[in-house]
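Quick notes on the structure that follows.
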Protein chains: 2
Amino acid sequence: MLQMKMIYLTEENIVNINSALNELLVVLFRDINEIEEKAVRTGQYKNMTANDMHVIEAIGINGAKNMSAVAKALNVTTGTLTIAINSLVKKNYVERVRSEEDRRVVLVSLTPKGRKAFYHHKKFHDDMIDQIVEQLDEPEKAVLEKALTTLAEFFKNKK
Amino acid sequence: MLQMKMIYLTEENIVNINSALNELLVVLFRDINEIEEKAVRTGQYKNMTANDMHVIEAIGINGAKNMSAVAKALNVTTGTLTIAINSLVKKNYVERVRSEEDRRVVLVSLTPKGRKAFYHHKKFHDDMIDQIVEQLDEPEKAVLEKALTTLAEFFKNKK
DNA sequence: AAAAATAATTGGAGTTTCAAAGTATTTTCA
DNA sequence: TGAAAATACTTTGAAACTCCAATTATTTTT
């Protein structure tokens, strides 16, 4: 497969692109989480908080994880996670069992309801990406990937 | 000015781009706010929370704004904003004066210290955009803008 | 064994949030 | 004009989330 792409730019276009980019990124930064939360907290997931979603995402659907690992992934203390898990267990999104191999360890995993919530959240991401990607041809996707990689790199350095 | 760009893609590249894009966006979404907060809370701004930054950004540097307008811009109740402003006044980032024209109205504006914080935060955004933009040529910037516009559009529909 | 280390929970204190009630002021209109 | 309604903001009370430090239970080290 082979593609060729030509883009013609005027001076005026170029001047505007930088400030447009700036504005877009600022808006996205400011609203991203809020919008995601609103989009995900619908229907049967009304009683899930943004925090609940993050914890569910961190536990994931690949079997049980211990508290320390999940807390580390979320960048919170285990004390904080204990409280979050208490609430998720009460709401029946998460199951909590003590490890047989090491009785100090507590393993958390998603219940069927928790897994459904996980996929519901994932769908938001997938839809978003689909919508972006379907507007772009392959060379454009390659460019976007490059830009996002740069962005990710910028963040990694700041961390 | 005129530019011409050619990109050749193999089948394999194309398959990987979608999943790479997906992963990048997910990572950016998850970490954006946390990283921004860490990047901004340095040196003399150590005692500023992410919340403080948002309020300072919403007040801006173009004169005083009343509480309702700022609360609306931030998508919080005025009660919530009152508490945030209490803290910012105590920390000397914000000044609060009652309007002479309408004594019900409270006007908030940034102190010199608040304006410095505003520019400090702005610098983070500017640096980030510079770093991305300097890696891209003009046609590439146009593609990035297109993708971000799509993303912003996606959000607007979800709101 | 006793001491040290590890994993998680608990308790206390501080923020941030909202909804609802309260206060002060201005506008409406009868 | 002056009572009622509307507006702008603050306060209060309750819930959610956070951390740090203390505690409990268990395992590892020496």
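Every chain in the structure tokens takes a letter, A first, then B, and so on in the order presented; its residues are numbered from 1, and the ligands are numbered from 1 following the presented order.
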Among region 13-129 of chain B, which ones does DSSP assign to strand (DSSP E or B) (computed from the backbone)? Answer as an mmCIF file with C-alpha atoms, in the first residue's frame.
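Once written, part.cif looks like this:
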data_model
loop_
_atom_site.group_PDB
_atom_site.id
_atom_site.type_symbol
_atom_site.label_atom_id
_atom_site.label_comp_id
_atom_site.auth_asym_id
_atom_site.auth_seq_id
_atom_site.Cartn_x
_atom_site.Cartn_y
_atom_site.Cartn_z
ATOM 1 C CA LYS B 65 -15.278 39.345 37.772
ATOM 2 C CA ASN B 66 -18.280 38.641 39.937
ATOM 3 C CA VAL B 94 -7.178 36.889 45.168
ATOM 4 C CA GLU B 95 -8.786 40.134 46.246
ATOM 5 C CA ARG B 96 -12.490 40.338 47.041
ATOM 6 C CA VAL B 97 -14.433 43.599 47.019
ATOM 7 C CA ARG B 98 -18.109 44.351 47.174
ATOM 8 C CA VAL B 106 -18.869 40.550 45.029
ATOM 9 C CA LEU B 107 -16.008 41.222 42.628
ATOM 10 C CA VAL B 108 -12.922 39.031 42.654
ATOM 11 C CA SER B 109 -9.618 39.811 40.967
ATOM 12 C CA LEU B 110 -6.064 38.564 41.082
#
Per residue of region 41-130 of chain A within 9 Å of region 10-23 of chain D, note the shortest atom pair and the distance in Å to one decimal, counting only C-alpha atoms (C1' of nucleotides), and order the rows by chain and increasing residue number, as JSON lines.
{"residue": "A:Asn51", "atom": "CA", "partner": "D:DC17", "partner_atom": "C1'", "distance": 8.6}
{"residue": "A:Val76", "atom": "CA", "partner": "D:DT18", "partner_atom": "C1'", "distance": 8.5}
{"residue": "A:Thr77", "atom": "CA", "partner": "D:DC19", "partner_atom": "C1'", "distance": 7.7}
{"residue": "A:Gly79", "atom": "CA", "partner": "D:DC19", "partner_atom": "C1'", "distance": 8.5}
{"residue": "A:Thr80", "atom": "CA", "partner": "D:DT18", "partner_atom": "C1'", "distance": 6.8}
{"residue": "A:Ile83", "atom": "CA", "partner": "D:DC17", "partner_atom": "C1'", "distance": 8.8}
{"residue": "A:Ala84", "atom": "CA", "partner": "D:DC17", "partner_atom": "C1'", "distance": 8.4}
Using only N, CA and C atoms, please write the residues we just selected to a file, as a compact mmCIF listing (two decimals), in the first residue's frame.
# COMPACT_ATOMS: atom_id res chain seq x y z
N ASN A 51 -14.15 8.68 40.88
CA ASN A 51 -13.16 7.92 41.62
C ASN A 51 -13.40 6.41 41.48
N VAL A 76 -2.14 6.60 45.08
CA VAL A 76 -2.74 6.98 46.36
C VAL A 76 -2.19 6.05 47.45
N THR A 77 -2.41 6.40 48.72
CA THR A 77 -1.97 5.54 49.81
C THR A 77 -2.89 4.33 49.90
N GLY A 79 -4.28 3.38 52.54
CA GLY A 79 -5.38 3.83 53.39
C GLY A 79 -6.51 4.42 52.56
N THR A 80 -6.14 5.24 51.65
CA THR A 80 -7.13 5.84 50.74
C THR A 80 -7.84 4.77 49.93
N ILE A 83 -10.57 2.71 51.73
CA ILE A 83 -11.87 3.39 51.81
C ILE A 83 -12.61 3.31 50.48
N ALA A 84 -11.89 3.51 49.38
CA ALA A 84 -12.53 3.43 48.06
C ALA A 84 -13.07 2.03 47.82
- Using only C-alpha atoms (C1' of nucleotides), determine which residues of chain C fall within 10 Å of chain B; present them as a ChimeraX atom specification. /C:15-19,24-26
With chain A held fixed, move chain B onto it by a least-squares fit of all C-alpha atoms in order and give the output as a PDB file with C-alpha atoms, in the first residue's frame.
ATOM      1  CA  MET B   1      -0.187   0.132   0.249  1.00  0.00           C
ATOM      2  CA  LEU B   2       1.050   3.594  -0.491  1.00  0.00           C
ATOM      3  CA  GLN B   3      -0.338   7.042  -0.015  1.00  0.00           C
ATOM      4  CA  MET B   4       0.773  10.455  -1.081  1.00  0.00           C
ATOM      5  CA  LYS B   5      -0.436  13.641   0.513  1.00  0.00           C
ATOM      6  CA  MET B   6      -0.033  17.250  -0.525  1.00  0.00           C
ATOM      7  CA  ILE B   7      -1.013  20.190   1.611  1.00  0.00           C
ATOM      8  CA  TYR B   8      -0.705  23.804   0.543  1.00  0.00           C
ATOM      9  CA  LEU B   9      -0.474  26.461   3.211  1.00  0.00           C
ATOM     10  CA  THR B  10      -0.676  30.214   3.029  1.00  0.00           C
ATOM     11  CA  GLU B  11       1.254  32.439   5.451  1.00  0.00           C
ATOM     12  CA  GLU B  12      -1.970  33.380   7.127  1.00  0.00           C
ATOM     13  CA  ASN B  13      -2.878  29.771   7.796  1.00  0.00           C
ATOM     14  CA  ILE B  14       0.416  29.172   9.472  1.00  0.00           C
ATOM     15  CA  VAL B  15       0.072  32.091  11.841  1.00  0.00           C
ATOM     16  CA  ASN B  16      -3.354  30.894  12.939  1.00  0.00           C
ATOM     17  CA  ILE B  17      -2.494  27.267  13.405  1.00  0.00           C
ATOM     18  CA  ASN B  18      -0.293  27.840  16.415  1.00  0.00           C
ATOM     19  CA  SER B  19      -2.826  29.823  18.354  1.00  0.00           C
ATOM     20  CA  ALA B  20      -5.623  27.475  17.333  1.00  0.00           C
ATOM     21  CA  LEU B  21      -3.614  24.526  18.532  1.00  0.00           C
ATOM     22  CA  ASN B  22      -2.933  26.324  21.743  1.00  0.00           C
ATOM     23  CA  GLU B  23      -6.576  27.043  22.369  1.00  0.00           C
ATOM     24  CA  LEU B  24      -7.702  23.526  21.536  1.00  0.00           C
ATOM     25  CA  LEU B  25      -5.213  21.930  23.867  1.00  0.00           C
ATOM     26  CA  VAL B  26      -6.130  24.273  26.694  1.00  0.00           C
ATOM     27  CA  VAL B  27      -9.823  23.508  26.305  1.00  0.00           C
ATOM     28  CA  LEU B  28      -9.219  19.782  26.113  1.00  0.00           C
ATOM     29  CA  PHE B  29      -7.053  19.886  29.204  1.00  0.00           C
ATOM     30  CA  ARG B  30      -9.502  21.840  31.219  1.00  0.00           C
ATOM     31  CA  ASP B  31     -12.590  19.796  30.399  1.00  0.00           C
ATOM     32  CA  ILE B  32     -11.374  16.287  29.689  1.00  0.00           C
ATOM     33  CA  ASN B  33     -12.058  14.723  33.052  1.00  0.00           C
ATOM     34  CA  GLU B  34     -15.297  16.469  33.704  1.00  0.00           C
ATOM     35  CA  ILE B  35     -16.666  15.468  30.339  1.00  0.00           C
ATOM     36  CA  GLU B  36     -15.492  11.936  30.655  1.00  0.00           C
ATOM     37  CA  GLU B  37     -17.156  11.645  34.021  1.00  0.00           C
ATOM     38  CA  LYS B  38     -20.444  12.983  32.704  1.00  0.00           C
ATOM     39  CA  ALA B  39     -20.303  10.702  29.684  1.00  0.00           C
ATOM     40  CA  VAL B  40     -19.738   7.625  31.793  1.00  0.00           C
ATOM     41  CA  ARG B  41     -22.206   8.369  34.584  1.00  0.00           C
ATOM     42  CA  THR B  42     -25.326   7.448  32.703  1.00  0.00           C
ATOM     43  CA  GLY B  43     -28.206   5.060  33.248  1.00  0.00           C
ATOM     44  CA  GLN B  44     -27.303   2.216  35.578  1.00  0.00           C
ATOM     45  CA  TYR B  45     -23.896   3.801  36.262  1.00  0.00           C
ATOM     46  CA  LYS B  46     -25.358   6.961  37.782  1.00  0.00           C
ATOM     47  CA  ASN B  47     -24.038   6.133  41.235  1.00  0.00           C
ATOM     48  CA  MET B  48     -20.459   5.643  40.027  1.00  0.00           C
ATOM     49  CA  THR B  49     -18.054   8.472  40.697  1.00  0.00           C
ATOM     50  CA  ALA B  50     -15.069   9.380  38.543  1.00  0.00           C
ATOM     51  CA  ASN B  51     -12.975   7.944  41.302  1.00  0.00           C
ATOM     52  CA  ASP B  52     -14.822   4.631  41.194  1.00  0.00           C
ATOM     53  CA  MET B  53     -14.151   4.431  37.469  1.00  0.00           C
ATOM     54  CA  HIS B  54     -10.443   4.947  37.917  1.00  0.00           C
ATOM     55  CA  VAL B  55     -10.216   2.246  40.550  1.00  0.00           C
ATOM     56  CA  ILE B  56     -12.235  -0.165  38.418  1.00  0.00           C
ATOM     57  CA  GLU B  57      -9.964   0.569  35.475  1.00  0.00           C
ATOM     58  CA  ALA B  58      -6.873  -0.026  37.617  1.00  0.00           C
ATOM     59  CA  ILE B  59      -8.153  -3.360  38.899  1.00  0.00           C
ATOM     60  CA  GLY B  60      -8.953  -4.429  35.372  1.00  0.00           C
ATOM     61  CA  ILE B  61     -10.469  -7.649  34.133  1.00  0.00           C
ATOM     62  CA  ASN B  62      -7.431  -9.918  34.286  1.00  0.00           C
ATOM     63  CA  GLY B  63      -7.947 -11.563  37.646  1.00  0.00           C
ATOM     64  CA  ALA B  64      -7.328 -10.355  41.190  1.00  0.00           C
ATOM     65  CA  LYS B  65      -4.755  -7.787  42.254  1.00  0.00           C
ATOM     66  CA  ASN B  66      -3.509  -6.947  45.709  1.00  0.00           C
ATOM     67  CA  MET B  67      -4.126  -3.583  47.341  1.00  0.00           C
ATOM     68  CA  SER B  68      -0.548  -2.322  47.136  1.00  0.00           C
ATOM     69  CA  ALA B  69      -0.330  -2.926  43.398  1.00  0.00           C
ATOM     70  CA  VAL B  70      -3.594  -1.126  42.706  1.00  0.00           C
ATOM     71  CA  ALA B  71      -2.680   1.754  45.008  1.00  0.00           C
ATOM     72  CA  LYS B  72       0.650   2.141  43.256  1.00  0.00           C
ATOM     73  CA  ALA B  73      -0.991   2.110  39.823  1.00  0.00           C
ATOM     74  CA  LEU B  74      -3.351   4.837  40.980  1.00  0.00           C
ATOM     75  CA  ASN B  75      -0.670   6.838  42.757  1.00  0.00           C
ATOM     76  CA  VAL B  76      -2.505   6.902  46.077  1.00  0.00           C
ATOM     77  CA  THR B  77      -1.712   5.515  49.529  1.00  0.00           C
ATOM     78  CA  THR B  78      -3.119   2.144  50.508  1.00  0.00           C
ATOM     79  CA  GLY B  79      -5.139   3.911  53.184  1.00  0.00           C
ATOM     80  CA  THR B  80      -6.846   5.922  50.502  1.00  0.00           C
ATOM     81  CA  LEU B  81      -7.467   2.833  48.434  1.00  0.00           C
ATOM     82  CA  THR B  82      -8.940   0.944  51.385  1.00  0.00           C
ATOM     83  CA  ILE B  83     -11.633   3.582  51.653  1.00  0.00           C
ATOM     84  CA  ALA B  84     -12.311   3.558  47.908  1.00  0.00           C
ATOM     85  CA  ILE B  85     -12.570  -0.224  47.917  1.00  0.00           C
ATOM     86  CA  ASN B  86     -14.940  -0.142  50.902  1.00  0.00           C
ATOM     87  CA  SER B  87     -17.302   1.940  48.824  1.00  0.00           C
ATOM     88  CA  LEU B  88     -16.937  -0.208  45.699  1.00  0.00           C
ATOM     89  CA  VAL B  89     -17.565  -3.388  47.676  1.00  0.00           C
ATOM     90  CA  LYS B  90     -20.666  -1.835  49.193  1.00  0.00           C
ATOM     91  CA  LYS B  91     -21.877  -0.914  45.706  1.00  0.00           C
ATOM     92  CA  ASN B  92     -21.075  -4.432  44.546  1.00  0.00           C
ATOM     93  CA  TYR B  93     -18.536  -3.500  41.878  1.00  0.00           C
ATOM     94  CA  VAL B  94     -15.595  -5.145  43.618  1.00  0.00           C
ATOM     95  CA  GLU B  95     -14.922  -8.317  45.558  1.00  0.00           C
ATOM     96  CA  ARG B  96     -12.330  -8.432  48.325  1.00  0.00           C
ATOM     97  CA  VAL B  97     -10.757 -11.660  49.554  1.00  0.00           C
ATOM     98  CA  ARG B  98      -7.831 -12.350  51.803  1.00  0.00           C
ATOM     99  CA  SER B  99      -5.059 -14.330  50.152  1.00  0.00           C
ATOM    100  CA  GLU B 100      -4.610 -17.893  51.366  1.00  0.00           C
ATOM    101  CA  GLU B 101      -0.907 -17.956  50.525  1.00  0.00           C
ATOM    102  CA  ASP B 102      -0.091 -14.816  52.460  1.00  0.00           C
ATOM    103  CA  ARG B 103      -2.756 -13.819  54.945  1.00  0.00           C
ATOM    104  CA  ARG B 104      -1.523 -10.233  55.068  1.00  0.00           C
ATOM    105  CA  VAL B 105      -2.495  -9.732  51.447  1.00  0.00           C
ATOM    106  CA  VAL B 106      -5.942  -8.631  50.309  1.00  0.00           C
ATOM    107  CA  LEU B 107      -6.938  -9.447  46.739  1.00  0.00           C
ATOM    108  CA  VAL B 108      -9.466  -7.304  44.911  1.00  0.00           C
ATOM    109  CA  SER B 109     -11.232  -8.204  41.680  1.00  0.00           C
ATOM    110  CA  LEU B 110     -14.207  -7.007  39.700  1.00  0.00           C
ATOM    111  CA  THR B 111     -17.629  -8.582  40.195  1.00  0.00           C
ATOM    112  CA  PRO B 112     -19.766  -9.234  37.090  1.00  0.00           C
ATOM    113  CA  LYS B 113     -21.303  -5.807  37.720  1.00  0.00           C
ATOM    114  CA  GLY B 114     -17.795  -4.343  38.006  1.00  0.00           C
ATOM    115  CA  ARG B 115     -16.742  -5.932  34.736  1.00  0.00           C
ATOM    116  CA  LYS B 116     -19.795  -4.502  33.021  1.00  0.00           C
ATOM    117  CA  ALA B 117     -18.827  -1.064  34.322  1.00  0.00           C
ATOM    118  CA  PHE B 118     -15.287  -1.600  33.094  1.00  0.00           C
ATOM    119  CA  TYR B 119     -16.507  -2.296  29.576  1.00  0.00           C
ATOM    120  CA  HIS B 120     -18.915   0.616  29.733  1.00  0.00           C
ATOM    121  CA  HIS B 121     -16.024   2.929  30.513  1.00  0.00           C
ATOM    122  CA  LYS B 122     -13.841   1.318  27.870  1.00  0.00           C
ATOM    123  CA  LYS B 123     -16.570   1.919  25.330  1.00  0.00           C
ATOM    124  CA  PHE B 124     -16.339   5.648  25.953  1.00  0.00           C
ATOM    125  CA  HIS B 125     -12.667   5.573  25.082  1.00  0.00           C
ATOM    126  CA  ASP B 126     -13.207   3.349  22.075  1.00  0.00           C
ATOM    127  CA  ASP B 127     -15.998   5.510  20.724  1.00  0.00           C
ATOM    128  CA  MET B 128     -13.882   8.588  21.152  1.00  0.00           C
ATOM    129  CA  ILE B 129     -10.953   7.119  19.328  1.00  0.00           C
ATOM    130  CA  ASP B 130     -13.139   5.738  16.560  1.00  0.00           C
ATOM    131  CA  GLN B 131     -14.684   9.117  16.052  1.00  0.00           C
ATOM    132  CA  ILE B 132     -11.323  10.800  15.768  1.00  0.00           C
ATOM    133  CA  VAL B 133      -9.731   8.136  13.684  1.00  0.00           C
ATOM    134  CA  GLU B 134     -12.506   7.787  11.152  1.00  0.00           C
ATOM    135  CA  GLN B 135     -12.027  11.440  10.207  1.00  0.00           C
ATOM    136  CA  LEU B 136      -8.353  10.944   9.434  1.00  0.00           C
ATOM    137  CA  ASP B 137      -6.566   9.126   6.685  1.00  0.00           C
ATOM    138  CA  GLU B 138      -3.513   7.066   7.450  1.00  0.00           C
ATOM    139  CA  PRO B 139      -0.821   9.732   7.053  1.00  0.00           C
ATOM    140  CA  GLU B 140      -2.883  11.997   9.238  1.00  0.00           C
ATOM    141  CA  LYS B 141      -3.131   9.341  11.919  1.00  0.00           C
ATOM    142  CA  ALA B 142       0.632   9.043  11.833  1.00  0.00           C
ATOM    143  CA  VAL B 143       0.954  12.761  12.503  1.00  0.00           C
ATOM    144  CA  LEU B 144      -1.495  12.611  15.374  1.00  0.00           C
ATOM    145  CA  GLU B 145       0.405   9.743  16.863  1.00  0.00           C
ATOM    146  CA  LYS B 146       3.623  11.715  16.606  1.00  0.00           C
ATOM    147  CA  ALA B 147       2.054  14.686  18.370  1.00  0.00           C
ATOM    148  CA  LEU B 148       0.587  12.565  21.149  1.00  0.00           C
ATOM    149  CA  THR B 149       3.874  10.784  21.642  1.00  0.00           C
ATOM    150  CA  THR B 150       5.544  14.149  22.056  1.00  0.00           C
ATOM    151  CA  LEU B 151       2.889  15.121  24.549  1.00  0.00           C
ATOM    152  CA  ALA B 152       3.340  11.890  26.510  1.00  0.00           C
ATOM    153  CA  GLU B 153       7.076  12.498  26.462  1.00  0.00           C
ATOM    154  CA  PHE B 154       6.582  16.024  27.762  1.00  0.00           C
ATOM    155  CA  PHE B 155       4.597  14.605  30.666  1.00  0.00           C
ATOM    156  CA  LYS B 156       7.066  11.891  31.434  1.00  0.00           C
ATOM    157  CA  ASN B 157       9.797  14.497  31.827  1.00  0.00           C
ATOM    158  CA  LYS B 158       7.631  16.536  34.179  1.00  0.00           C
ATOM    159  CA  LYS B 159       6.803  13.589  36.401  1.00  0.00           C
TER     160      LYS B 159
END
